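> Sharing query-v3.pdb below, PDB, C-alpha atoms:
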```
ATOM      1  CA  MET J   1      11.759  90.219 130.256
ATOM      2  CA  THR J   2      12.688  89.791 133.946
ATOM      3  CA  ARG J   3      14.785  92.331 135.790
ATOM      4  CA  GLU J   4      17.556  90.598 137.693
ATOM      5  CA  LEU J   5      16.965  92.427 140.961
ATOM      6  CA  THR J   6      16.723  90.999 144.448
ATOM      7  CA  GLU J   7      13.787  92.157 146.574
ATOM      8  CA  ILE J   8      14.194  92.705 150.306
ATOM      9  CA  THR J   9      11.214  93.527 152.517
ATOM     10  CA  VAL J  10      11.298  94.707 156.112
ATOM     11  CA  ILE J  11       8.119  94.655 158.243
ATOM     12  CA  GLY J  12       7.781  95.462 161.934
ATOM     13  CA  GLY J  13       7.329  98.056 164.601
ATOM     14  CA  ASP J  14       8.584 101.526 163.774
ATOM     15  CA  LYS J  15      11.911 102.456 165.342
ATOM     16  CA  THR J  16      14.903 104.610 164.477
ATOM     17  CA  GLY J  17      17.854 103.214 162.546
ATOM     18  CA  LEU J  18      16.056 100.491 160.635
ATOM     19  CA  ILE J  19      16.915 101.780 157.171
ATOM     20  CA  ALA J  20      20.511 102.576 158.088
ATOM     21  CA  ASN J  21      21.118  99.132 159.564
ATOM     22  CA  VAL J  22      19.807  97.299 156.503
ATOM     23  CA  THR J  23      21.495  99.469 153.897
ATOM     24  CA  THR J  24      24.823  99.376 155.761
ATOM     25  CA  LEU J  25      24.731  95.575 155.825
ATOM     26  CA  LEU J  26      24.124  95.498 152.085
ATOM     27  CA  PHE J  27      26.829  98.075 151.331
ATOM     28  CA  GLU J  28      29.396  96.076 153.292
ATOM     29  CA  ARG J  29      28.682  93.087 151.047
ATOM     30  CA  GLY J  30      29.062  94.896 147.745
ATOM     31  CA  ILE J  31      25.339  95.110 147.005
ATOM     32  CA  ASN J  32      24.071  98.053 144.977
ATOM     33  CA  ILE J  33      20.643  99.397 145.972
ATOM     34  CA  GLU J  34      18.546 100.268 142.910
ATOM     35  CA  ASP J  35      15.476 101.657 144.663
ATOM     36  CA  LEU J  36      14.023 101.874 148.154
ATOM     37  CA  ASP J  37      10.540 102.739 149.363
ATOM     38  CA  GLN J  38       9.433 102.938 152.971
ATOM     39  CA  ALA J  39       6.356 103.986 154.921
ATOM     40  CA  VAL J  40       4.734 103.766 158.338
ATOM     41  CA  ARG J  41       1.030 103.066 158.733
ATOM     42  CA  GLU J  42      -0.832 102.309 161.976
ATOM     43  CA  GLY J  43       2.502 101.903 163.763
ATOM     44  CA  ILE J  44       3.775  99.318 161.267
ATOM     45  CA  PHE J  45       7.037 100.075 159.449
ATOM     46  CA  ARG J  46       7.433  98.793 155.892
ATOM     47  CA  MET J  47      10.419  98.992 153.586
ATOM     48  CA  THR J  48      10.692  97.449 150.130
ATOM     49  CA  LEU J  49      14.154  97.519 148.601
ATOM     50  CA  HIS J  50      15.367  96.295 145.206
ATOM     51  CA  ALA J  51      19.077  95.638 144.817
ATOM     52  CA  ASP J  52      21.585  94.339 142.305
ATOM     53  CA  THR J  53      23.211  91.322 143.968
ATOM     54  CA  SER J  54      25.034  90.084 140.872
ATOM     55  CA  SER J  55      28.427  91.289 142.197
ATOM     56  CA  MET J  56      27.930  90.800 145.919
ATOM     57  CA  THR J  57      30.829  89.481 147.966
ATOM     58  CA  THR J  58      28.793  86.858 149.802
ATOM     59  CA  SER J  59      26.607  83.891 148.937
ATOM     60  CA  PRO J  60      22.788  84.065 148.817
ATOM     61  CA  GLU J  61      22.583  81.750 151.829
ATOM     62  CA  GLU J  62      24.982  83.913 153.848
ATOM     63  CA  LEU J  63      23.027  87.057 152.943
ATOM     64  CA  ARG J  64      19.741  85.470 154.015
ATOM     65  CA  GLU J  65      21.304  84.407 157.310
ATOM     66  CA  ALA J  66      22.811  87.848 157.953
ATOM     67  CA  LEU J  67      19.525  89.633 157.241
ATOM     68  CA  THR J  68      17.565  87.176 159.370
ATOM     69  CA  GLU J  69      19.965  87.741 162.289
ATOM     70  CA  LEU J  70      19.691  91.515 161.802
ATOM     71  CA  GLY J  71      15.907  91.255 161.794
ATOM     72  CA  ASP J  72      15.972  89.254 165.025
ATOM     73  CA  ASP J  73      18.225  91.882 166.631
ATOM     74  CA  LEU J  74      15.952  94.727 165.501
ATOM     75  CA  GLY J  75      12.683  92.943 166.212
ATOM     76  CA  VAL J  76      11.471  93.043 162.583
ATOM     77  CA  ASP J  77      10.817  90.497 159.866
ATOM     78  CA  ILE J  78      13.234  90.669 156.913
ATOM     79  CA  ARG J  79      12.598  88.589 153.788
ATOM     80  CA  VAL J  80      14.811  88.166 150.701
ATOM     81  CA  ARG J  81      13.666  87.110 147.233
ATOM     82  CA  PHE J  82      16.411  86.395 144.702
ATOM     83  CA  PRO J  83      15.660  86.322 140.941
ATOM     84  CA  ALA J  84      16.798  82.703 140.758
ATOM     85  CA  ASP J  85      14.629  81.531 143.667
ATOM     86  CA  ARG J  86      12.058  80.071 141.295
ATOM     87  CA  GLY J  87      11.589  79.457 137.604
ATOM     88  CA  THR J  88       7.793  79.640 137.734
ATOM     89  CA  ARG J  89       6.021  82.327 139.716
ATOM     90  CA  GLU J  90       3.062  81.508 141.936
ATOM     91  CA  ILE J  91      -0.244  83.382 142.109
ATOM     92  CA  ALA J  92      -2.792  83.414 144.925
ATOM     93  CA  VAL J  93      -6.265  84.516 143.846
ATOM     94  CA  LEU J  94      -8.534  86.002 146.513
ATOM     95  CA  VAL J  95     -12.279  85.728 145.901
ATOM     96  CA  THR J  96     -15.691  86.141 147.497
ATOM     97  CA  LYS J  97     -18.752  85.152 145.428
ATOM     98  CA  GLU J  98     -18.429  86.555 141.888
ATOM     99  CA  SER J  99     -16.830  84.058 139.506
ATOM    100  CA  HIS J 100     -16.148  85.953 136.258
ATOM    101  CA  CYS J 101     -12.636  87.217 137.069
ATOM    102  CA  LEU J 102     -11.503  83.905 138.540
ATOM    103  CA  GLU J 103     -12.879  82.134 135.475
ATOM    104  CA  ALA J 104     -10.849  84.389 133.145
ATOM    105  CA  LEU J 105      -7.664  83.761 135.129
ATOM    106  CA  PHE J 106      -8.225  79.999 135.119
ATOM    107  CA  GLU J 107      -8.894  79.956 131.361
ATOM    108  CA  ALA J 108      -5.712  81.917 130.633
ATOM    109  CA  TRP J 109      -3.755  79.588 132.909
ATOM    110  CA  ALA J 110      -5.207  76.475 131.268
ATOM    111  CA  ASN J 111      -4.273  77.865 127.834
ATOM    112  CA  ASP J 112      -0.686  78.685 128.945
ATOM    113  CA  ASP J 113      -1.368  82.390 128.451
ATOM    114  CA  LEU J 114      -0.865  83.505 132.039
ATOM    115  CA  GLY J 115       2.896  83.214 132.529
ATOM    116  CA  ALA J 116       2.595  81.865 136.072
ATOM    117  CA  ASP J 117       0.868  79.146 138.068
ATOM    118  CA  ILE J 118      -2.295  79.653 140.102
ATOM    119  CA  SER J 119      -1.200  77.775 143.206
ATOM    120  CA  VAL J 120      -4.102  78.572 145.525
ATOM    121  CA  VAL J 121      -7.512  80.246 145.677
ATOM    122  CA  ILE J 122      -8.408  81.863 149.000
ATOM    123  CA  GLY J 123     -11.924  83.037 149.785
ATOM    124  CA  ASN J 124     -13.762  84.757 152.601
ATOM    125  CA  ARG J 125     -16.717  82.632 151.464
ATOM    126  CA  SER J 126     -16.743  79.066 150.155
ATOM    127  CA  THR J 127     -18.952  79.927 147.153
ATOM    128  CA  LEU J 128     -16.267  79.479 144.489
ATOM    129  CA  GLU J 129     -14.662  76.338 145.868
ATOM    130  CA  PRO J 130     -16.295  74.166 143.133
ATOM    131  CA  LEU J 131     -14.628  76.283 140.424
ATOM    132  CA  ALA J 132     -11.234  75.844 142.064
ATOM    133  CA  ASP J 133     -11.896  72.125 142.416
ATOM    134  CA  HIS J 134     -12.690  71.946 138.690
ATOM    135  CA  TYR J 135      -9.170  73.180 137.919
ATOM    136  CA  ASP J 136      -7.649  71.031 140.691
ATOM    137  CA  VAL J 137      -6.403  74.077 142.607
ATOM    138  CA  PRO J 138      -6.441  74.111 146.440
ATOM    139  CA  PHE J 139      -9.152  76.316 147.968
ATOM    140  CA  HIS J 140      -9.085  77.752 151.485
ATOM    141  CA  ASP J 141     -11.986  79.549 153.172
ATOM    142  CA  ILE J 142     -10.601  82.042 155.697
ATOM    143  CA  GLY J 143     -13.885  83.816 156.471
ATOM    144  CA  ASP J 144     -16.173  83.489 159.469
ATOM    145  CA  GLU J 145     -19.963  83.232 159.248
ATOM    146  CA  LYS J 146     -20.128  86.947 158.343
ATOM    147  CA  GLY J 147     -17.368  86.693 155.740
ATOM    148  CA  THR J 148     -14.804  88.506 157.867
ATOM    149  CA  ALA J 149     -11.388  87.234 156.795
ATOM    150  CA  ASN J 150      -8.714  85.973 159.173
ATOM    151  CA  GLU J 151      -5.636  87.859 157.945
ATOM    152  CA  ASP J 152      -3.223  85.896 160.117
ATOM    153  CA  ARG J 153      -4.417  82.741 158.375
ATOM    154  CA  LEU J 154      -4.162  84.545 155.033
ATOM    155  CA  LEU J 155      -0.513  85.398 155.687
ATOM    156  CA  GLU J 156       0.185  81.796 156.677
ATOM    157  CA  LEU J 157      -1.276  80.545 153.405
ATOM    158  CA  LEU J 158       0.581  83.111 151.298
ATOM    159  CA  GLU J 159       3.836  81.983 152.900
ATOM    160  CA  GLN J 160       2.924  78.302 152.641
ATOM    161  CA  TYR J 161       2.336  78.569 148.902
ATOM    162  CA  ASP J 162       5.353  80.877 148.426
ATOM    163  CA  VAL J 163       3.214  83.415 146.596
ATOM    164  CA  ASP J 164       4.757  85.956 144.204
ATOM    165  CA  LEU J 165       1.578  87.820 143.223
ATOM    166  CA  ILE J 166      -1.817  88.264 144.890
ATOM    167  CA  VAL J 167      -4.796  88.881 142.610
ATOM    168  CA  LEU J 168      -8.040  90.195 144.078
ATOM    169  CA  ALA J 169     -10.677  88.743 141.754
ATOM    170  CA  ARG J 170     -13.669  90.653 143.166
ATOM    171  CA  TYR J 171     -12.538  89.969 146.723
ATOM    172  CA  MET J 172     -14.972  92.013 148.772
ATOM    173  CA  ARG J 173     -12.751  92.758 151.742
ATOM    174  CA  ILE J 174     -10.174  95.445 152.493
ATOM    175  CA  LEU J 175      -6.662  94.132 153.136
ATOM    176  CA  GLY J 176      -4.901  95.442 156.223
ATOM    177  CA  PRO J 177      -1.429  97.026 156.342
ATOM    178  CA  LYS J 178       0.331  93.873 157.532
ATOM    179  CA  VAL J 179      -0.695  92.152 154.285
ATOM    180  CA  VAL J 180      -0.334  95.123 151.941
ATOM    181  CA  PHE J 181       3.063  96.154 153.280
ATOM    182  CA  ARG J 182       4.493  92.663 152.961
ATOM    183  CA  TYR J 183       3.405  92.389 149.323
ATOM    184  CA  GLU J 184       3.979  95.967 148.181
ATOM    185  CA  ASP J 185       3.374  96.351 144.414
ATOM    186  CA  ARG J 186       2.491  92.649 144.278
ATOM    187  CA  ILE J 187      -1.268  92.889 144.907
ATOM    188  CA  ILE J 188      -3.556  93.684 141.964
ATOM    189  CA  ASN J 189      -7.244  94.534 142.363
ATOM    190  CA  ILE J 190     -10.070  95.130 139.907
ATOM    191  CA  HIS J 191     -12.502  97.918 140.803
ATOM    192  CA  PRO J 192     -15.808  98.448 138.931
ATOM    193  CA  SER J 193     -15.394 102.137 138.125
ATOM    194  CA  LEU J 194     -13.086 104.498 136.288
ATOM    195  CA  LEU J 195     -11.036 105.455 139.311
ATOM    196  CA  PRO J 196     -10.696 107.893 140.948
ATOM    197  CA  ALA J 197     -14.469 108.182 140.375
ATOM    198  CA  PHE J 198     -16.709 106.104 142.632
ATOM    199  CA  PRO J 199     -14.238 104.435 145.002
ATOM    200  CA  GLY J 200     -15.371 102.053 147.702
ATOM    201  CA  ALA J 201     -18.418  99.821 147.760
ATOM    202  CA  ALA J 202     -21.306  99.696 145.264
ATOM    203  CA  ALA J 203     -19.427 101.511 142.496
ATOM    204  CA  TYR J 204     -21.892 100.552 139.748
ATOM    205  CA  ARG J 205     -24.764 101.809 141.895
ATOM    206  CA  GLN J 206     -22.900 105.070 142.460
ATOM    207  CA  ALA J 207     -22.422 105.444 138.701
ATOM    208  CA  LYS J 208     -26.120 104.849 138.022
ATOM    209  CA  GLU J 209     -27.226 107.273 140.715
ATOM    210  CA  GLU J 210     -24.909 109.970 139.366
ATOM    211  CA  GLY J 211     -26.304 109.467 135.849
ATOM    212  CA  VAL J 212     -22.992 108.880 134.076
ATOM    213  CA  ARG J 213     -23.037 108.227 130.326
ATOM    214  CA  ILE J 214     -19.775 106.299 130.385
ATOM    215  CA  ALA J 215     -18.760 103.926 133.174
ATOM    216  CA  GLY J 216     -15.825 101.573 133.406
ATOM    217  CA  VAL J 217     -13.442  99.426 135.404
ATOM    218  CA  THR J 218      -9.919  99.860 136.747
ATOM    219  CA  ALA J 219      -7.165  97.358 137.512
ATOM    220  CA  HIS J 220      -4.715  98.813 140.015
ATOM    221  CA  TYR J 221      -2.073  97.963 142.565
ATOM    222  CA  VAL J 222      -3.357  97.834 146.128
ATOM    223  CA  THR J 223      -2.110 100.277 148.738
ATOM    224  CA  THR J 224      -3.274 101.013 152.266
ATOM    225  CA  ASP J 225      -5.383 103.863 150.848
ATOM    226  CA  LEU J 226      -8.644 102.378 149.574
ATOM    227  CA  ASP J 227      -8.877 102.324 145.756
ATOM    228  CA  GLN J 228      -6.074 104.858 145.387
ATOM    229  CA  GLY J 229      -3.246 102.577 144.273
ATOM    230  CA  PRO J 230      -1.349 103.050 140.989
ATOM    231  CA  ILE J 231      -3.629 102.451 138.006
ATOM    232  CA  ILE J 232      -2.545  99.748 135.556
ATOM    233  CA  ALA J 233      -5.365  99.301 133.032
ATOM    234  CA  GLN J 234      -8.872 100.629 132.463
ATOM    235  CA  ARG J 235     -11.862  99.777 130.287
ATOM    236  CA  ALA J 236     -14.960 101.872 129.522
ATOM    237  CA  PHE J 237     -18.521 101.193 128.381
ATOM    238  CA  ASP J 238     -21.679 103.170 127.561
ATOM    239  CA  VAL J 239     -24.526 103.419 130.071
ATOM    240  CA  PRO J 240     -27.934 103.749 128.309
ATOM    241  CA  ASP J 241     -30.536 106.010 129.911
ATOM    242  CA  ASP J 242     -32.782 103.096 130.822
ATOM    243  CA  ALA J 243     -30.064 100.678 131.978
ATOM    244  CA  THR J 244     -30.854  98.877 135.212
ATOM    245  CA  LEU J 245     -28.198  98.194 137.815
ATOM    246  CA  ASP J 246     -28.078  94.544 136.754
ATOM    247  CA  GLU J 247     -27.628  95.551 133.107
ATOM    248  CA  ILE J 248     -24.753  97.855 134.059
ATOM    249  CA  LYS J 249     -23.099  95.003 135.953
ATOM    250  CA  THR J 250     -23.574  92.706 132.956
ATOM    251  CA  ARG J 251     -21.832  95.240 130.715
ATOM    252  CA  GLY J 252     -19.010  95.743 133.184
ATOM    253  CA  GLN J 253     -18.155  92.231 134.285
ATOM    254  CA  PRO J 254     -16.509  91.042 131.023
ATOM    255  CA  LEU J 255     -14.394  94.198 131.057
ATOM    256  CA  GLU J 256     -13.453  93.602 134.688
ATOM    257  CA  ALA J 257     -12.096  90.179 133.729
ATOM    258  CA  ASP J 258     -10.322  91.588 130.669
ATOM    259  CA  ALA J 259      -8.635  94.495 132.472
ATOM    260  CA  LEU J 260      -7.618  92.347 135.445
ATOM    261  CA  LEU J 261      -6.079  89.704 133.189
ATOM    262  CA  GLU J 262      -4.129  92.322 131.255
ATOM    263  CA  ALA J 263      -2.861  93.896 134.479
ATOM    264  CA  VAL J 264      -1.666  90.504 135.724
ATOM    265  CA  GLN J 265       0.133  89.826 132.451
ATOM    266  CA  LEU J 266       1.740  93.287 132.484
ATOM    267  CA  HIS J 267       3.048  92.614 135.970
ATOM    268  CA  LEU J 268       4.274  89.107 135.192
ATOM    269  CA  ASN J 269       6.012  90.336 132.031
ATOM    270  CA  ASP J 270       7.745  93.002 134.134
ATOM    271  CA  ALA J 271       6.436  95.576 131.680
ATOM    272  CA  LEU J 272       5.613  98.200 134.331
ATOM    273  CA  THR J 273       7.425 100.625 136.548
ATOM    274  CA  VAL J 274       5.801 102.341 139.514
ATOM    275  CA  HIS J 275       7.013 105.789 140.497
ATOM    276  CA  ARG J 276       5.302 108.228 142.843
ATOM    277  CA  GLY J 277       1.977 106.492 142.611
ATOM    278  CA  ARG J 278       1.885 106.188 138.828
ATOM    279  CA  THR J 279       2.582 103.228 136.570
ATOM    280  CA  SER J 280       4.392 103.516 133.252
ATOM    281  CA  LEU J 281       5.424 101.048 130.592
ATOM    282  CA  ARG J 282       9.124 100.367 130.536
ATOM    283  CA  GLU J 283      10.957 101.997 127.640
ATOM    284  CA  GLU J 284      11.609  98.676 125.947
ATOM    285  CA  VAL J 285       7.896  97.693 126.024
ATOM    286  CA  SER J 286       5.696  98.603 123.055
ATOM    287  CA  SER J 287       2.285 100.046 123.894
ATOM    288  CA  GLU J 288       0.997  98.143 120.854
ATOM    289  CA  GLU J 289       1.255  94.931 122.888
ATOM    290  CA  TYR J 290      -1.389  96.007 125.393
ATOM    291  CA  GLN J 291      -4.736  97.776 125.355
ATOM    292  CA  LEU J 292      -4.363  99.657 128.680
ATOM    293  CA  GLY J 293      -7.362 101.934 127.981
ATOM    294  CA  LEU J 294      -9.724 102.390 125.044
ATOM    295  CA  THR J 295      -9.570 100.061 122.069
ATOM    296  CA  ARG J 296      -7.715 101.362 119.018
ATOM    297  CA  GLU J 297     -11.038 101.530 117.167
ATOM    298  CA  ALA J 298     -12.499 103.754 119.894
ATOM    299  CA  GLN J 299      -9.417 105.970 119.856
ATOM    300  CA  ALA J 300      -9.648 106.312 116.068
ATOM    301  CA  SER J 301     -13.278 107.441 116.297
ATOM    302  CA  ASN J 302     -12.413 110.400 118.524
ATOM    303  CA  PRO J 303     -12.124 113.724 116.650
ATOM    304  CA  ASP J 304      -8.640 115.214 116.494
ATOM    305  CA  ARG J 305      -9.654 118.850 115.962
ATOM    306  CA  PRO J 306     -10.260 121.623 116.799
ATOM    307  CA  VAL J 307      -7.538 122.105 119.419
ATOM    308  CA  ASP J 308      -6.108 125.240 121.006
ATOM    309  CA  GLY J 309      -3.705 127.265 118.876
ATOM    310  CA  ILE J 310      -5.862 129.081 116.328
ATOM    311  CA  VAL J 311      -5.279 132.498 117.970
ATOM    312  CA  ASP J 312      -1.510 132.074 117.801
ATOM    313  CA  ALA J 313      -1.810 131.053 114.163
ATOM    314  CA  LEU J 314      -3.861 134.158 113.350
ATOM    315  CA  ASP J 315      -1.330 136.406 115.073
ATOM    316  CA  VAL J 316       1.452 134.885 112.998
ATOM    317  CA  SER J 317      -0.604 135.453 109.840
ATOM    318  CA  LYS J 318      -1.147 139.124 110.757
ATOM    319  CA  GLU J 319       2.581 139.641 111.206
ATOM    320  CA  ALA J 320       3.289 138.026 107.852
ATOM    321  CA  LEU J 321       0.744 140.240 106.067
ATOM    322  CA  ALA J 322       1.680 143.515 107.791
ATOM    323  CA  PRO J 323       3.619 146.042 105.643
ATOM    324  CA  ASP J 324       7.306 146.428 106.359
ATOM    325  CA  GLN J 325       7.638 149.398 108.768
ATOM    326  CA  SER J 326      11.429 149.366 108.911
ATOM    327  CA  GLU J 327      13.387 152.467 107.841
ATOM    328  CA  ASP J 328      15.237 152.540 104.541
TER
END
```
If you convert what's in this file into structure tokens, what do you get?

Amino acid sequence: MTRELTEITVIGGDKTGLIANVTTLLFERGINIEDLDQAVREGIFRMTLHADTSSMTTSPEELREALTELGDDLGVDIRVRFPADRGTREIAVLVTKESHCLEALFEAWANDDLGADISVVIGNRSTLEPLADHYDVPFHDIGDEKGTANEDRLLELLEQYDVDLIVLARYMRILGPKVVFRYEDRIINIHPSLLPAFPGAAAYRQAKEEGVRIAGVTAHYVTTDLDQGPIIAQRAFDVPDDATLDEIKTRGQPLEADALLEAVQLHLNDALTVHRGRTSLREEVSSEEYQLGLTREAQASNPDRPVDGIVDALDVSKEALAPDQSED
């Protein structure tokens, strides 16, 4: 189920007239804009636009050329992605040291359950290079001796491999605006807590220190606000009183892999919409196809009463039992 929309991204320094120039060019070529989202962060302007180009009065090559020339004139980078650009979508997986999420993605890919190709694994450490080698997938280490990632090199690799989706498989670095803006709603992260609780680093430790009874994990789209992007899928697990931090991690890691994989499949199946910071399943998608949150067994075990409303019911009963006070 793929929506036949063309994606246009604009990245560059903030200046007046950017939106008007782009939308005017599209209007003049018979292109209908379906949605448009723009923002400015740290002086960087970003616009992501989805348009119906099925009835445009120009060719794809001419549109690319016109937008590239406009971008050069305005001093911004404009990219176009047509629905027919590729039959198979390409995934870049970003990693650090933990292997469980990358392993789950590789297994799904090897079993033809992913719906896309893993074209490259990029790490800020070289720890997981042997796992990528096992699946014959190129691995690139973009970190220095402290693990600090070179984002310019990252962008070069993402362009080189023509990446459609970026998956952060326990990638322990924050992506900057120039990466996030270019791949808006195309970066999925897994965080080891039930967001918005315990954002940031050491989420399992935070959960233990706060004494929670139920912890969990969250797969979400990445935005420039740390761990505040639209939530896609969540999983929960019990935390026993005597659980150590390592035991909590052991309980959470399989769920991290499970939730991340489901989020990737939801995205690749075009089953989601994102509106005002919230994801929803498209109307034509059945919620029975995905878990999203608790298992059906867990949902069934929750009590369904009592709920508010008993007072209103009693008032109605009183009215029904009251003698008729109307005049003859």
> Set the distance at 10 Å and use only C-alpha atoms: which residues neighbour J:Thr23 once local chain neighbours fewer than 5 positions away are removed? I'd like the list as number ranges by chain.
J: 18, 28, 31-33, 36, 49
> Those selected residues, please, written with C-alpha atoms and delivered as a PDB file, in the coordinates of the input.

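Result file out19.pdb:
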```pdb
ATOM      1  CA  LEU J  18      16.056 100.491 160.635  1.00  0.00           C
ATOM      2  CA  GLU J  28      29.396  96.076 153.292  1.00  0.00           C
ATOM      3  CA  ILE J  31      25.339  95.110 147.005  1.00  0.00           C
ATOM      4  CA  ASN J  32      24.071  98.053 144.977  1.00  0.00           C
ATOM      5  CA  ILE J  33      20.643  99.397 145.972  1.00  0.00           C
ATOM      6  CA  LEU J  36      14.023 101.874 148.154  1.00  0.00           C
ATOM      7  CA  LEU J  49      14.154  97.519 148.601  1.00  0.00           C
TER       8      LEU J  49
END
```
> Per residue of stretch 198-290 of chain J within 7 Å of stretch 100-114 of chain J, which atom pair is closest and at what distance in Å (one decimal), using all atoms listed in the file, listed by chain and increasing number, as JSON lines?

```
{"residue": "J:Gln253", "atom": "CA", "partner": "J:His100", "partner_atom": "CA", "distance": 6.9}
{"residue": "J:Glu256", "atom": "CA", "partner": "J:Cys101", "partner_atom": "CA", "distance": 6.9}
{"residue": "J:Ala257", "atom": "CA", "partner": "J:Cys101", "partner_atom": "CA", "distance": 4.5}
{"residue": "J:Leu261", "atom": "CA", "partner": "J:Leu105", "partner_atom": "CA", "distance": 6.4}
{"residue": "J:Gln265", "atom": "CA", "partner": "J:Leu114", "partner_atom": "CA", "distance": 6.4}
```
> Under the PyMOL selection byres ((chain J and resi 225-227) around 9), which residues of this model are included? Write them out as a list in words.
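Evaluating the PyMOL selection byres ((chain J and resi 225-227) around 9) on this file yields Ile174, Asn189, His191, Leu195, Pro196, Pro199, Gly200, His220, Tyr221, Val222, Thr223, Thr224, Gln228, Gly229 and Pro230 of chain J.
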> Compare J:Arg296, J:Arg125, J:Gly13, J:Leu94 by their minimum atom-to-atom distance to J:Gly43, counting all atoms listed in the file, and give me the closest one.
J:Gly13
> Could you tell me, as number ranges by chain, exactly which residues end up selected when the PyMOL selection byres ((chain J and resi 205) around 12) is applied to this structure?
J: 192-193, 198-204, 206-212, 215, 239, 243-249
> Can you write out the residues you just picked, keeping C-alpha atoms, as a compact mmCIF listing (two decimals), keeping the file's coordinate frame?

```txt
# COMPACT_ATOMS: atom_id res chain seq x y z
CA PRO J 192 -15.81 98.45 138.93
CA SER J 193 -15.39 102.14 138.12
CA PHE J 198 -16.71 106.10 142.63
CA PRO J 199 -14.24 104.44 145.00
CA GLY J 200 -15.37 102.05 147.70
CA ALA J 201 -18.42 99.82 147.76
CA ALA J 202 -21.31 99.70 145.26
CA ALA J 203 -19.43 101.51 142.50
CA TYR J 204 -21.89 100.55 139.75
CA GLN J 206 -22.90 105.07 142.46
CA ALA J 207 -22.42 105.44 138.70
CA LYS J 208 -26.12 104.85 138.02
CA GLU J 209 -27.23 107.27 140.72
CA GLU J 210 -24.91 109.97 139.37
CA GLY J 211 -26.30 109.47 135.85
CA VAL J 212 -22.99 108.88 134.08
CA ALA J 215 -18.76 103.93 133.17
CA VAL J 239 -24.53 103.42 130.07
CA ALA J 243 -30.06 100.68 131.98
CA THR J 244 -30.85 98.88 135.21
CA LEU J 245 -28.20 98.19 137.82
CA ASP J 246 -28.08 94.54 136.75
CA GLU J 247 -27.63 95.55 133.11
CA ILE J 248 -24.75 97.86 134.06
CA LYS J 249 -23.10 95.00 135.95
```
> Ranking J:Pro306, J:Gly143, J:Pro60, J:Pro177 by minimum distance to J:Arg41 and counting all atoms listed in the file, which one comes first?
J:Pro177
> Give me, please, the distance in Å between atom CA of J:Thr295 and atom CA of J:Asp238, quoted to one decimal.
13.7 Å
> I'd like the contact shell of J:Ile91 - 10 Å cut-off, all atoms listed in the file, skipping same-chain residues fewer than 4 positions apart - returned as a list in words.
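What passes the distance filter is Ala116, Asp117, Ile118, Ser119, Val120, Val121, Leu158, Tyr161, Asp162, Val163, Asp164, Leu165, Ile166, Val167, Arg186, Ile187 and Val264 of chain J.
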> Between J:Asp144, J:Asp241, J:Glu61, J:Asp270, single out the one closest to J:Arg282, counting all atoms listed in the file.
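Once distances to J:Arg282 are computed over all atoms listed in the file, the minimum belongs to J:Asp270.
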> Have a look at atom CA of J:Gly12 and atom CA of J:Leu155 and let me know their distance in Å, one decimal.
14.5 Å
